[in-house]
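See below for the structure under consideration.
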Amino acid sequence: MDVPMSWLKEYAKVTAPIGEFIEDITMTGSKVEGVTYMGGELKNIVTGRITSIEKHPDADKLVVCKIDVGSGKELTIVTGAPNVKEGDYVPVALDDSVIAGGKEIHTGNLRGVESEGMLCSIEELGCDRHDFPEAPEYGIYIFPEPVELGKDVADVMDLKDEVVEYEITSNRPDCFSILGIAREAAATYKLPFLYPEIKVKEEAEGRTEDLISVDIMNPTLCPRYVARAVKNVKIGPSPRWMRKRLRAAGVRPINNIVDITNYVMLEMGQPMHAFDVDTIKDRHIIVRNAKEGETITTLDGQVRNLDPSMLVISDPEKAVAIAGVMGGENSMISESAEAVLFESANFEGSNVRITAKKVGLRTDASSKFEKGLDPNLALEAVNRAAQLVEELGCGQIVPGIVDCYPNKRESWELTYSPEWINKFLGTDISEEEMQRTFERLEMKVDPVAHKVVVPTFRPDLEAQADLAEEVARFYGYDKIQPTLASGTPTVGKKTYSQNITTLVKDTMIAEGLCEAMTYSFESPKVFDKLLIPADSPLRRTVTISNPLGEDFSVMRTVSINGILNSLSTNYNRRNESAGLFEVAKVYLPKSLPLTELPDEVPTLTVGMYGKMDFYDLKGIVEHLMSVLGIGDKAEYTTETGLSWMHPGRTASVSIDGKTVGYLGELHPAVAKNYEIGTKAYLAVLNMEELIDASNLVSVYQPLPKFPAITRDIAMLVKEDVTVKQIADEIRKNGGAYLESATLFDVYQGEQIEEGYKSVAYSISFRSAERTLADTDVAEAMQAILDGLARELGAQLRDK
Amino acid sequence: MRVTHQSACDSRKLGGTTEVLRPFGSEDYFFCSLLRKTEKGEKSIMKEKLKAIHDKAMAAFQEAKEIKDIDDLKVKYLGKKGELTAILKEMGKLSAEERPIIGQMANDVRQDLEKVLEEAKNRLAATEMARRLEKEKIDVTMPGTKKAEGHKHPMSIVIDEICNIFMGMGYEVAEGPEVEKDYYNFEALNIPKNHPARDEQDTFYIGGDILLRTQTSPVQVRTMEKGKLPIRMVCPGAVYRSDEVDATHSPVFHQLEGMVVDKNITMGDLKGALEVFARELFGEDTKVRFRPHHFPFTEPSAEMDVTCFACGGKGCRVCKGEGYIELLGCGMVHPKVLKMSGIDPEEYSGFAFGMGLERVAMQRYGITDLRLLFENDMKFLKQF
């Protein structure tokens with residue numbers, strides 16, 4: 001909302017300098033976004049009179065003017081403009097001046113004649129013929145009347161203003177008007193609010209109700225429709241003061257009738273529309289929903305398709321306007337119009353918003369209506385317009401008003417308690433000050449009963465808390481003393497799950513991985529990239545009905561796509577290695593279509609490439625398990641069932657028989673799909689399962705008092721025997737003293753028969769009661785060796 | 001004579017006469033004193049021999065270059081078959097009177113030599129150590145062995161820091177679903193259907209009454225619904241709005257929500273809590289400014305600005321000359337919102353606040369393109 005200060009000051013006599021003003025009004029709730037200084041860039045342009053004109057000695061199209069700028073010394077200025085003559089009063093850009101667009105003017109030589117400045121056109125003063133209709137289409141601006149010489153042209157032509165831009169919040173439709181902001185400004189400075197006095201002289205003949213009849217078919221979408229008629233319309237430019245205000249507020253002046261509707265819209269916030277009465281069939285206006293397949297050509301010449309959710313203004317035959325959005329070409333005012341109809345109606349905000357969006361036409365009018373306007377404004381606004389028509393002498397007002405207002409919006413009462421307000425705010429504001437604040441905001445106050453009557457333009461004031469805000473705003477938020485809440489003490493903490501999540505992240509960071517952040521929605525094409533079969537339940541997704549595009553259309557059911565894309569980014573930017581992790585959710589629908597919220601499963605995803613192999617990644621996972629106190633419970637078995645993983649190099653991770661995730665090498669085909677030109681590794685673990693399984697309670701185990709006996713064995717087994725099988729077999733037969741069996745070598749190659757491998761274990765025995773003798777372990781060792789030979793075909797190798 | 005011997009020992013122990021015995025530089029004086037002790041005794045050959053051994057050994061010790069030489073010398077002069085022992089074997093030739101005197105003298109010589117020997121050994125050990133250390137010298141300016149360095153994401157750093165500040169003030173950290181019901185995201189926050197605020201927050205819809213949350217505020221409602229009072233909570237999390245990706249927009253971003261509900265909570269409490277927070281996050285000198293604003297779920301509502309951390313409030317490019325940067329929205333929880341969640345607004349009041357976290361992170365680290373946060377380039381992540 002742009003508000004010229006000069007206009008605002010007509011209703012609130014603000015005296016504060018602009019810098020102070022924008023600070024003050026921001027602090028009472030009308031946030032200033034910026035200030036534009038109109039005419040501010042013009043420098044050193046003064047009024048002057050042409051005393052003589054001579055032909056340029058050396059150029060046919062140029063003339064040499066002598067100019068009196070009141071300084072006692074005549075200036076010589078060369079111009080090519082065809083329209084100047086002796087005695088004309090003109091704007092003169094002196095040496096070292098700045099014209100519109102920031103262009104600097106200096107004394108210069110024009111084909112042998114020194115020119116001490118420049119005569120200015122209206123465009124060079126930052127305006128156009130909409131602002132100054134008397135200006136010539138080409139040539140120098142000539143003042144219509146003599147002016148004092150040597151004066152600043154910006155002052156003489158009234159080009160200067162400060163235009164303040166406000167951010168208006170959605171609860172304050174009343175502030176989308178100069179008057180609304182002026183009311184706030186007056187209240188901010190405790191000044192009287194000077195609402196314009198509206199009086200209409202109805203000098204034309206006839207009655208409005210004889211000229212037009214109105215029926216509202218949908219009073220929900222159109223709570224009120226007010227119309228006034230104007231006869232003997234004389235279309236022409238509006239006066240300079242009105243044009244200046246419109247221009248300052250960002251609206252281009254057109255002609256007096258259009259300018260008046262815009263002026264009232266800016267001043268009061270009520271959009272209006274003007275029809276040619278003769279174009280309305282039967283002079284009967286019907287406000288109704290559009291028909292299926294109906295179209296209208298709007299004022300901008302575009303054909304618009306309508307649907308029954310939209311409201312139109314129509315006559316018995318055709319739609320003449322899209323309600324609250326734009327008028328139709330078919331009812332445009334013509335020069336010969338006998339009578340013009342001013343429509344000042346109220347339309348339901350969200351319907352206007354949706355309609356404007358659907359037809360792709362957001363206008364000044366629709367953006368006002370969509371905030372939800374006060375229907376009581378409609379009548380005042382049409383009267384204000386009628387008053388201006390008379391003042392500007394551009395028509396005569398027909399007596400009477402057609403006002404279709406089925407359900408009047410009445411003002412309402414609120415009670416307040418000064419004690420409650422003070423307690424709520426933490427303040428000590430007097431009752432009287434509260435009362436005065438309410439009154440400045442045009443509420444009627446009963447100070448005894450502590451009641452206010454709220455004006456209908458403030459629908460945001462619904463309860464006592466709303467009144468507390470009004471009190472606080474004008475008392476000053478900055479004056480409310482900051483305190484620290486007393487009340488019941490609470491312990492600030494994270495939950496167990498949050499703590500474990502932190503621990504997991506810290507462990508990943510300790511392992512040298514960097515935390516990543518990826519989008520939680522992705523393209524359904526991801527499933528193809530990951531070679532996920534068409535019938536996989538993973539393809540059952542939570543799908544966004546209005547996505548930004550296919551790439552962001554489904555909530556992920558697998559966590560790895562973001563990490564794989566990131567690995568790809570790193571790879572293609574030639575980063576030698578990458579190690580990323582993310583704790584983020586996957587979204588698994590319980591049923592489709594969604595009837596209840598999906599499961600959001602937090603998942604740890606690790607993705608790496610570089611100088612590493614499977615066992616580096618497994619080491620990270622094992623470390624994590626150990627940190628979570630489940631290192632001895634975690635089991636790793638071959639996993640071949642994940643389409644995006646290398647079937648021979650992937651392990652499923654389980655705890656107490658429950659699968660919690662997997663780790664391994666990315667399937668080479670998938671790596672190719674992601675343009676990762678090297679082996680990549682992934683680990684994915686379900687955080688919920690990890691949190692459930694985690695055990696951070698440590699129980700002290702007494703330190704061993706007696707030495708251990710250690711036996712190293714090396715055996716030959718077939719290469720598909722896993723070390724897990726061997727370790728299990730050792731444990732099974734190790735007896736009561738078995739303490740540990742640690743793998744220390746696996747070897748294939750020279751001296752080992754093809755298809756076999758050599759596996760070496762260090763087996764350690766210990767008793768808590770005594771020092772073991774060789775004989776104590778001999779039996780267990782034999783059992784171990786027998787078991788290995790029997791179950792796994794292991795042959796003991798000579799040392 | 002025993003007494004003399006005794007006293008000599010004693011006084012040595014006491015340190016009284018050690019000066020006489022220790023300095024080999026003054027050995028003449030030492031032997032003179034020995035001679036004096038034997039009074040007018042005959043010029044015993046023994047004495048001559050002792051002195052000769054002493055002098056010879058001394059010279060040899062001085063010349064020793066390595067610890068091994070010292071060990072050899074020790075055997076040669078002081079060992080069981082050494083020269084000094086050999087002389088002592090000749091003690092039998094002496095008279096009973098002379099024997100203790102010469103015995104004493106031999107003892108002194110032995111002790112003296114042992115001491116010098118020890119010192120020479122220490123000296124040589126030190127030299128050898130110095131030589132070894134010199135040899136082991138390395139170039140300490142060479143880089144250390146590279147370990148993979150893990151880093152927290154800048155967003156996580158900011159989230160953790162803010163949560164920690166509020167935990168210190170007694171707030172719990174809450175969480176809630178991202179795929180959310182319309183009721184929690186809008187309705188229960190006093191944003192009924194067709195409210196313009198719904199348009200301002202371009203929402204992703206799933207279908208039915210399910211959508212992607214546009215704010216973390218639904219967690220307020222879920223926390224209140226649990227019915228456990230008082231409430232002091234913060235909730236960080238991802239939120240979704242239909243914004244095309246560019247340098248300052250992302251359809252996924254993060255917010256942090258906070259809420260306090262208790263008896264007698266005032267707007268002063270809101271200001272107090274958030275002032276403390278701002279100073280913790282941005283530094284002790286930070287000033288805050290509360291401006292009236294509008295949110296459907298708070299009344300009164302405010303926006304809190306903090307003095308620009310880049311210029312300290314003087315006005316610069318970062319704060320666009322204003323000296324302040326908008327940090328968060330806040331307000332007193334709307335009585336309607338309390339009521340809808342089953343809390344009696346007559347008895348309880350509260351405040352709530354919410355802020356966008358990407359902006360905090362970007363401003364803090366001077367990141368100018370939001371997309372960097374989601375790209376996960378190692379060169380980027382390793383900077384934090």
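Residues are referred to by chain and number: the chain letter is A, B, ... according to the order shown in the structure tokens, the number counts from 1 in that chain, and ligands are numbered separately from 1 in the order shown.
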Could I get the residues of chain A with an atom no further than 7 Å from an atom of chain B, each paired with its nearest atom pair and that distance in Å to one decimal, using only C-alpha atoms, sorted by chain and residue number, as a tab-separated table?
```
residue	atom	partner	partner_atom	distance
A:Thr26	CA	B:Arg291	CA	6.9
A:Met27	CA	B:Arg291	CA	5.2
A:Thr28	CA	B:Pro292	CA	6.2
A:Gly29	CA	B:Pro292	CA	4.4
A:Thr169	CA	B:His294	CA	6.0
A:Ser170	CA	B:Pro196	CA	6.8
A:Asn171	CA	B:His294	CA	6.9
A:Ser350	CA	B:Asn194	CA	5.8
A:Lys423	CA	B:Thr266	CA	6.6
A:Phe424	CA	B:Thr266	CA	4.8
A:Leu425	CA	B:Met267	CA	4.5
A:Gly426	CA	B:Thr266	CA	5.1
A:Ala465	CA	B:Glu299	CA	5.9
A:Asp466	CA	B:Glu299	CA	6.1
A:Ala468	CA	B:Pro300	CA	6.9
A:Glu469	CA	B:Pro300	CA	4.5
A:Arg473	CA	B:Pro292	CA	6.3
A:Tyr477	CA	B:Phe290	CA	6.2
A:Asp478	CA	B:Phe290	CA	6.5
A:Ile480	CA	B:Gly268	CA	5.9
A:Gln481	CA	B:Gly268	CA	5.5
A:Pro482	CA	B:Gly272	CA	4.1
A:Thr483	CA	B:Gly272	CA	4.6
A:Leu484	CA	B:Asp269	CA	5.1
A:Ala485	CA	B:Asp269	CA	5.1
A:Gly487	CA	B:Asp262	CA	6.7
A:Thr488	CA	B:Pro230	CA	6.9
A:Thr490	CA	B:Gly170	CA	5.2
A:Val491	CA	B:Gly170	CA	4.7
A:Gly492	CA	B:Gly170	CA	3.7
A:Lys493	CA	B:Glu172	CA	5.0
A:Lys494	CA	B:Val173	CA	5.5
A:Ile509	CA	B:Gly150	CA	4.1
A:Ala510	CA	B:Gly150	CA	6.0
A:Glu511	CA	B:Gly150	CA	6.6
A:Gly512	CA	B:Gly150	CA	3.7
A:Leu513	CA	B:Gly150	CA	4.3
A:Cys514	CA	B:His151	CA	4.6
A:Glu515	CA	B:His153	CA	5.0
A:Ala516	CA	B:Asn376	CA	5.5
A:Met517	CA	B:Phe374	CA	5.4
A:Thr518	CA	B:Phe374	CA	5.4
A:Tyr519	CA	B:Val252	CA	6.7
A:Thr543	CA	B:Ile206	CA	5.9
A:Ile544	CA	B:Ile206	CA	4.6
A:Ser545	CA	B:Ile206	CA	5.3
A:Asn546	CA	B:Phe204	CA	6.0
A:Pro547	CA	B:Phe204	CA	6.6
A:Leu548	CA	B:Ser242	CA	6.5
A:Ser566	CA	B:Asn376	CA	5.7
A:Thr569	CA	B:Asp377	CA	6.9
A:Asn570	CA	B:Asp377	CA	5.6
A:Ala578	CA	B:Met378	CA	6.4
A:Leu597	CA	B:Val179	CA	6.5
```
Would you save the residues of that selection, restricted to C-alpha atoms, as a compact mmCIF listing (two decimals), in the first residue's frame?
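Here's the written file out.txt:
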```
# COMPACT_ATOMS: atom_id res chain seq x y z
CA THR A 26 6.03 1.03 12.21
CA MET A 27 6.08 0.70 15.99
CA THR A 28 2.30 1.07 16.21
CA GLY A 29 1.81 -1.72 13.70
CA THR A 169 -1.40 -7.61 7.39
CA SER A 170 -4.39 -9.69 6.37
CA ASN A 171 -6.40 -8.81 9.48
CA SER A 350 -12.09 -15.43 -0.79
CA LYS A 423 -2.25 -8.65 33.70
CA PHE A 424 -2.15 -10.11 30.22
CA LEU A 425 0.35 -7.56 28.97
CA GLY A 426 2.39 -7.24 32.14
CA ALA A 465 -7.25 -10.11 23.68
CA ASP A 466 -7.77 -8.11 20.48
CA ALA A 468 -5.38 -5.74 24.57
CA GLU A 469 -3.39 -5.60 21.36
CA ARG A 473 0.22 -1.04 20.15
CA TYR A 477 5.45 -2.59 22.73
CA ASP A 478 8.84 -1.16 23.63
CA ILE A 480 6.35 -3.29 28.11
CA GLN A 481 8.95 -4.40 30.64
CA PRO A 482 10.62 -7.70 29.79
CA THR A 483 10.22 -10.23 32.60
CA LEU A 484 11.12 -13.86 33.04
CA ALA A 485 8.15 -16.18 33.42
CA GLY A 487 5.30 -20.16 37.32
CA THR A 488 5.97 -23.86 37.73
CA THR A 490 10.14 -27.24 34.16
CA VAL A 491 13.19 -29.24 33.16
CA GLY A 492 14.54 -28.47 29.73
CA LYS A 493 15.58 -31.66 28.05
CA LYS A 494 15.60 -33.87 25.05
CA ILE A 509 30.86 -37.23 12.55
CA ALA A 510 33.55 -38.93 14.67
CA GLU A 511 33.85 -41.46 11.84
CA GLY A 512 34.71 -38.62 9.49
CA LEU A 513 31.36 -38.33 7.74
CA CYS A 514 29.71 -35.01 6.92
CA GLU A 515 26.07 -34.42 7.67
CA ALA A 516 23.91 -33.89 4.59
CA MET A 517 20.47 -32.38 4.08
CA THR A 518 18.28 -33.50 1.19
CA TYR A 519 14.73 -32.99 -0.03
CA THR A 543 1.77 -38.21 -3.43
CA ILE A 544 1.46 -34.44 -3.56
CA SER A 545 -1.61 -33.37 -5.51
CA ASN A 546 -0.22 -29.94 -6.49
CA PRO A 547 3.54 -30.49 -6.74
CA LEU A 548 6.03 -27.99 -8.13
CA SER A 566 24.73 -35.77 -3.48
CA THR A 569 27.25 -34.07 -7.37
CA ASN A 570 30.50 -34.61 -5.49
CA ALA A 578 32.85 -38.22 -0.20
CA LEU A 597 -1.30 -39.92 8.48
```
Step one, run DSSP on the backbone; step two, keep only residues of range 47-263 of chain A assigned to strand (DSSP E or B); then write them as JSON, numbers by chain.
{"A": [47, 48, 49, 50, 51, 52, 53, 54, 55, 63, 64, 65, 66, 67, 68, 75, 76, 77, 78, 79, 89, 90, 91, 92, 93, 94, 95, 96, 97, 98, 99, 103, 104, 105, 108, 109, 110, 113, 114, 115, 117, 118, 119, 152, 161, 162, 163, 164, 165, 166, 167, 213, 214, 215, 216, 224, 225, 226, 227, 228, 229, 230, 231]}
Provide the CA of Met46 in chain B to CA of Ala64 in chain B distance in Å, to one decimal place.
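Atom-to-atom, CA of Met46 in chain B to CA of Ala64 in chain B, that is 26.8 Å.
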All helix (DSSP H, G or I) residues (DSSP, backbone) inside range 343-553 of chain A, as a ChimeraX atom specification
/A:349-359,364-369,377-392,418-425,431-440,464-475,477-479,496-510,526-529,537-539,550-552
Rank A:Phe342, A:Tyr475, A:Phe552, A:Tyr37 by their smallest atom-to-atom distance to Ala187 in chain A, using only C-alpha atoms, and report the top residue only.
A:Tyr475
List as a PyMOL selection string the protein and nucleic acid residues near range 496-498 of chain A, meaning an atom at most 10 Å away when only C-alpha atoms are counted, but skip any in the same chain fewer than 4 places from it.
(chain A and resi 502-504+687-688+690-692+694) or (chain B and resi 173-175)
What does the distance from CA of Gly657 in chain A to CA of Val670 in chain A come to in Å, to one decimal?
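The value is 29.1 Å.
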To one decimal place in Å, what is the distance between CA of Lys529 in chain A and CA of Met508 in chain A?
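That distance, rounded to one decimal, is 27.1 Å.
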Might you pull out every residue within 12 Å of Glu90 in chain B, with only C-alpha atoms counted and same-chain residues fewer than 2 positions away left off, and present them as a list of chain:residue names?
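Listing them by chain and then by number gives B:Ser44, B:Ile45, B:Met46, B:Lys47, B:Lys49, B:Leu50, B:Glu83, B:Leu84, B:Thr85, B:Ala86, B:Ile87, B:Leu88, B:Gly92, B:Lys93, B:Leu94, B:Ser95, B:Arg99, B:Ile102, B:Gly103, B:Ala106.
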Those same residues, written as a PDB file, in the first residue's frame with N, CA and C atoms?
```pdb
ATOM      1  N   SER B  44     106.228 -43.389  52.132  1.00  0.00           N
ATOM      2  CA  SER B  44     105.873 -44.767  51.803  1.00  0.00           C
ATOM      3  C   SER B  44     105.716 -44.949  50.282  1.00  0.00           C
ATOM      4  N   ILE B  45     106.215 -46.043  49.851  1.00  0.00           N
ATOM      5  CA  ILE B  45     106.070 -46.396  48.431  1.00  0.00           C
ATOM      6  C   ILE B  45     104.598 -46.537  48.089  1.00  0.00           C
ATOM      7  N   MET B  46     103.883 -47.006  49.104  1.00  0.00           N
ATOM      8  CA  MET B  46     102.445 -47.209  48.924  1.00  0.00           C
ATOM      9  C   MET B  46     101.754 -45.914  48.493  1.00  0.00           C
ATOM     10  N   LYS B  47     102.122 -44.893  49.242  1.00  0.00           N
ATOM     11  CA  LYS B  47     101.479 -43.612  48.970  1.00  0.00           C
ATOM     12  C   LYS B  47     101.768 -43.169  47.532  1.00  0.00           C
ATOM     13  N   LYS B  49     102.471 -45.030  45.051  1.00  0.00           N
ATOM     14  CA  LYS B  49     101.735 -45.874  44.100  1.00  0.00           C
ATOM     15  C   LYS B  49     100.268 -45.452  43.982  1.00  0.00           C
ATOM     16  N   LEU B  50      99.680 -45.169  45.167  1.00  0.00           N
ATOM     17  CA  LEU B  50      98.270 -44.759  45.171  1.00  0.00           C
ATOM     18  C   LEU B  50      98.067 -43.493  44.336  1.00  0.00           C
ATOM     19  N   GLU B  83      93.841 -52.456  39.346  1.00  0.00           N
ATOM     20  CA  GLU B  83      95.118 -51.969  39.867  1.00  0.00           C
ATOM     21  C   GLU B  83      95.037 -51.565  41.333  1.00  0.00           C
ATOM     22  N   LEU B  84      93.938 -50.901  41.695  1.00  0.00           N
ATOM     23  CA  LEU B  84      93.794 -50.451  43.083  1.00  0.00           C
ATOM     24  C   LEU B  84      93.763 -51.652  44.036  1.00  0.00           C
ATOM     25  N   THR B  85      93.007 -52.666  43.653  1.00  0.00           N
ATOM     26  CA  THR B  85      92.927 -53.876  44.483  1.00  0.00           C
ATOM     27  C   THR B  85      94.317 -54.504  44.635  1.00  0.00           C
ATOM     28  N   ALA B  86      95.033 -54.478  43.554  1.00  0.00           N
ATOM     29  CA  ALA B  86      96.389 -55.050  43.575  1.00  0.00           C
ATOM     30  C   ALA B  86      97.245 -54.357  44.630  1.00  0.00           C
ATOM     31  N   ILE B  87      97.135 -53.050  44.701  1.00  0.00           N
ATOM     32  CA  ILE B  87      97.921 -52.296  45.681  1.00  0.00           C
ATOM     33  C   ILE B  87      97.504 -52.651  47.099  1.00  0.00           C
ATOM     34  N   LEU B  88      96.182 -52.732  47.272  1.00  0.00           N
ATOM     35  CA  LEU B  88      95.688 -53.020  48.615  1.00  0.00           C
ATOM     36  C   LEU B  88      96.214 -54.367  49.119  1.00  0.00           C
ATOM     37  N   GLY B  92      99.807 -55.686  53.588  1.00  0.00           N
ATOM     38  CA  GLY B  92     100.451 -56.540  54.592  1.00  0.00           C
ATOM     39  C   GLY B  92     101.867 -56.068  54.937  1.00  0.00           C
ATOM     40  N   LYS B  93     102.503 -55.442  53.971  1.00  0.00           N
ATOM     41  CA  LYS B  93     103.873 -54.984  54.193  1.00  0.00           C
ATOM     42  C   LYS B  93     103.937 -53.849  55.207  1.00  0.00           C
ATOM     43  N   LEU B  94     102.843 -53.235  55.474  1.00  0.00           N
ATOM     44  CA  LEU B  94     102.866 -52.031  56.318  1.00  0.00           C
ATOM     45  C   LEU B  94     102.777 -52.369  57.778  1.00  0.00           C
ATOM     46  N   SER B  95     103.182 -51.406  58.570  1.00  0.00           N
ATOM     47  CA  SER B  95     103.069 -51.564  60.018  1.00  0.00           C
ATOM     48  C   SER B  95     101.627 -51.397  60.423  1.00  0.00           C
ATOM     49  N   ARG B  99      98.913 -49.002  58.514  1.00  0.00           N
ATOM     50  CA  ARG B  99      97.870 -49.686  57.741  1.00  0.00           C
ATOM     51  C   ARG B  99      96.550 -48.882  57.653  1.00  0.00           C
ATOM     52  N   ILE B 102      97.033 -45.806  55.381  1.00  0.00           N
ATOM     53  CA  ILE B 102      97.071 -46.113  53.952  1.00  0.00           C
ATOM     54  C   ILE B 102      95.710 -46.649  53.511  1.00  0.00           C
ATOM     55  N   GLY B 103      95.074 -47.474  54.406  1.00  0.00           N
ATOM     56  CA  GLY B 103      93.724 -48.007  54.106  1.00  0.00           C
ATOM     57  C   GLY B 103      92.750 -46.859  53.832  1.00  0.00           C
ATOM     58  N   ALA B 106      93.572 -45.261  50.559  1.00  0.00           N
ATOM     59  CA  ALA B 106      93.132 -46.066  49.407  1.00  0.00           C
ATOM     60  C   ALA B 106      91.631 -45.953  49.221  1.00  0.00           C
TER      61      ALA B 106
END
```
Which residues are close to range 444-449 of chain A, i.e. within 12 Å by only C-alpha atoms, leaving aside same-chain residues fewer than 3 positions away? Reply as number ranges by chain.
A: 411-418, 430-441, 452-456, 467
Could you turn the residues from that selection into a file that holds N, CA and C atoms, as a JSON list (two decimals), in the first residue's frame?
```json
[["chain", "number", "residue", "atom", "x", "y", "z"],
["A", 411, "SER", "N", -22.59, -3.21, 13.98],
["A", 411, "SER", "CA", -21.43, -3.16, 14.87],
["A", 411, "SER", "C", -21.73, -4.02, 16.11],
["A", 412, "TRP", "N", -20.71, -4.37, 16.84],
["A", 412, "TRP", "CA", -20.88, -5.27, 17.97],
["A", 412, "TRP", "C", -20.19, -4.73, 19.22],
["A", 413, "GLU", "N", -20.60, -5.31, 20.31],
["A", 413, "GLU", "CA", -20.08, -4.84, 21.60],
["A", 413, "GLU", "C", -19.06, -5.81, 22.15],
["A", 414, "LEU", "N", -18.06, -5.28, 22.80],
["A", 414, "LEU", "CA", -17.11, -6.13, 23.51],
["A", 414, "LEU", "C", -16.96, -5.56, 24.91],
["A", 415, "THR", "N", -16.81, -6.44, 25.87],
["A", 415, "THR", "CA", -16.49, -5.94, 27.21],
["A", 415, "THR", "C", -15.01, -6.16, 27.46],
["A", 416, "TYR", "N", -14.48, -5.32, 28.30],
["A", 416, "TYR", "CA", -13.07, -5.47, 28.61],
["A", 416, "TYR", "C", -12.86, -5.22, 30.09],
["A", 417, "SER", "N", -11.80, -5.77, 30.60],
["A", 417, "SER", "CA", -11.43, -5.54, 31.98],
["A", 417, "SER", "C", -10.03, -4.94, 31.99],
["A", 418, "PRO", "N", -9.90, -3.69, 32.43],
["A", 418, "PRO", "CA", -8.58, -3.05, 32.45],
["A", 418, "PRO", "C", -7.58, -3.88, 33.25],
["A", 430, "SER", "N", -3.35, 3.01, 32.63],
["A", 430, "SER", "CA", -4.57, 3.49, 33.29],
["A", 430, "SER", "C", -5.80, 3.21, 32.43],
["A", 431, "GLU", "N", -6.93, 3.10, 33.11],
["A", 431, "GLU", "CA", -8.21, 2.90, 32.41],
["A", 431, "GLU", "C", -8.46, 4.00, 31.40],
["A", 432, "GLU", "N", -8.09, 5.22, 31.81],
["A", 432, "GLU", "CA", -8.36, 6.38, 30.95],
["A", 432, "GLU", "C", -7.57, 6.28, 29.65],
["A", 433, "GLU", "N", -6.33, 5.84, 29.78],
["A", 433, "GLU", "CA", -5.52, 5.74, 28.57],
["A", 433, "GLU", "C", -6.09, 4.68, 27.63],
["A", 434, "MET", "N", -6.55, 3.58, 28.21],
["A", 434, "MET", "CA", -7.18, 2.53, 27.38],
["A", 434, "MET", "C", -8.40, 3.10, 26.67],
["A", 435, "GLN", "N", -9.19, 3.83, 27.42],
["A", 435, "GLN", "CA", -10.41, 4.41, 26.87],
["A", 435, "GLN", "C", -10.09, 5.33, 25.69],
["A", 436, "ARG", "N", -9.08, 6.19, 25.90],
["A", 436, "ARG", "CA", -8.73, 7.13, 24.84],
["A", 436, "ARG", "C", -8.22, 6.39, 23.60],
["A", 437, "THR", "N", -7.46, 5.33, 23.81],
["A", 437, "THR", "CA", -6.98, 4.54, 22.67],
["A", 437, "THR", "C", -8.16, 4.00, 21.87],
["A", 438, "PHE", "N", -9.13, 3.42, 22.58],
["A", 438, "PHE", "CA", -10.31, 2.87, 21.89],
["A", 438, "PHE", "C", -11.02, 3.96, 21.11],
["A", 439, "GLU", "N", -11.15, 5.12, 21.73],
["A", 439, "GLU", "CA", -11.88, 6.21, 21.07],
["A", 439, "GLU", "C", -11.16, 6.68, 19.81],
["A", 440, "ARG", "N", -9.84, 6.76, 19.91],
["A", 440, "ARG", "CA", -9.08, 7.18, 18.72],
["A", 440, "ARG", "C", -9.27, 6.21, 17.57],
["A", 441, "LEU", "N", -9.59, 4.96, 17.89],
["A", 441, "LEU", "CA", -9.81, 3.96, 16.85],
["A", 441, "LEU", "C", -11.28, 3.85, 16.49],
["A", 452, "VAL", "N", -17.10, -1.57, 24.75],
["A", 452, "VAL", "CA", -16.86, -0.78, 23.55],
["A", 452, "VAL", "C", -17.77, -1.28, 22.45],
["A", 453, "VAL", "N", -18.13, -0.36, 21.56],
["A", 453, "VAL", "CA", -18.83, -0.75, 20.35],
["A", 453, "VAL", "C", -17.81, -0.68, 19.22],
["A", 454, "VAL", "N", -17.62, -1.80, 18.54],
["A", 454, "VAL", "CA", -16.57, -1.89, 17.53],
["A", 454, "VAL", "C", -17.13, -1.47, 16.18],
["A", 455, "PRO", "N", -16.43, -0.56, 15.48],
["A", 455, "PRO", "CA", -16.90, -0.18, 14.15],
["A", 455, "PRO", "C", -16.79, -1.37, 13.19],
["A", 456, "THR", "N", -17.69, -1.40, 12.22],
["A", 456, "THR", "CA", -17.78, -2.60, 11.37],
["A", 456, "THR", "C", -16.57, -2.80, 10.46],
["A", 467, "LEU", "N", -8.54, -6.37, 21.98],
["A", 467, "LEU", "CA", -8.50, -5.02, 22.54],
["A", 467, "LEU", "C", -7.17, -4.79, 23.26]]
```
Env of Arg304 in chain A: 10 Å cut, atoms = only C-alpha atoms, seq-sep filter 3 positions within chain, self excluded. Answer as a PyMOL selection string.
chain A and resi 294-298+301+307+322+328+358-361
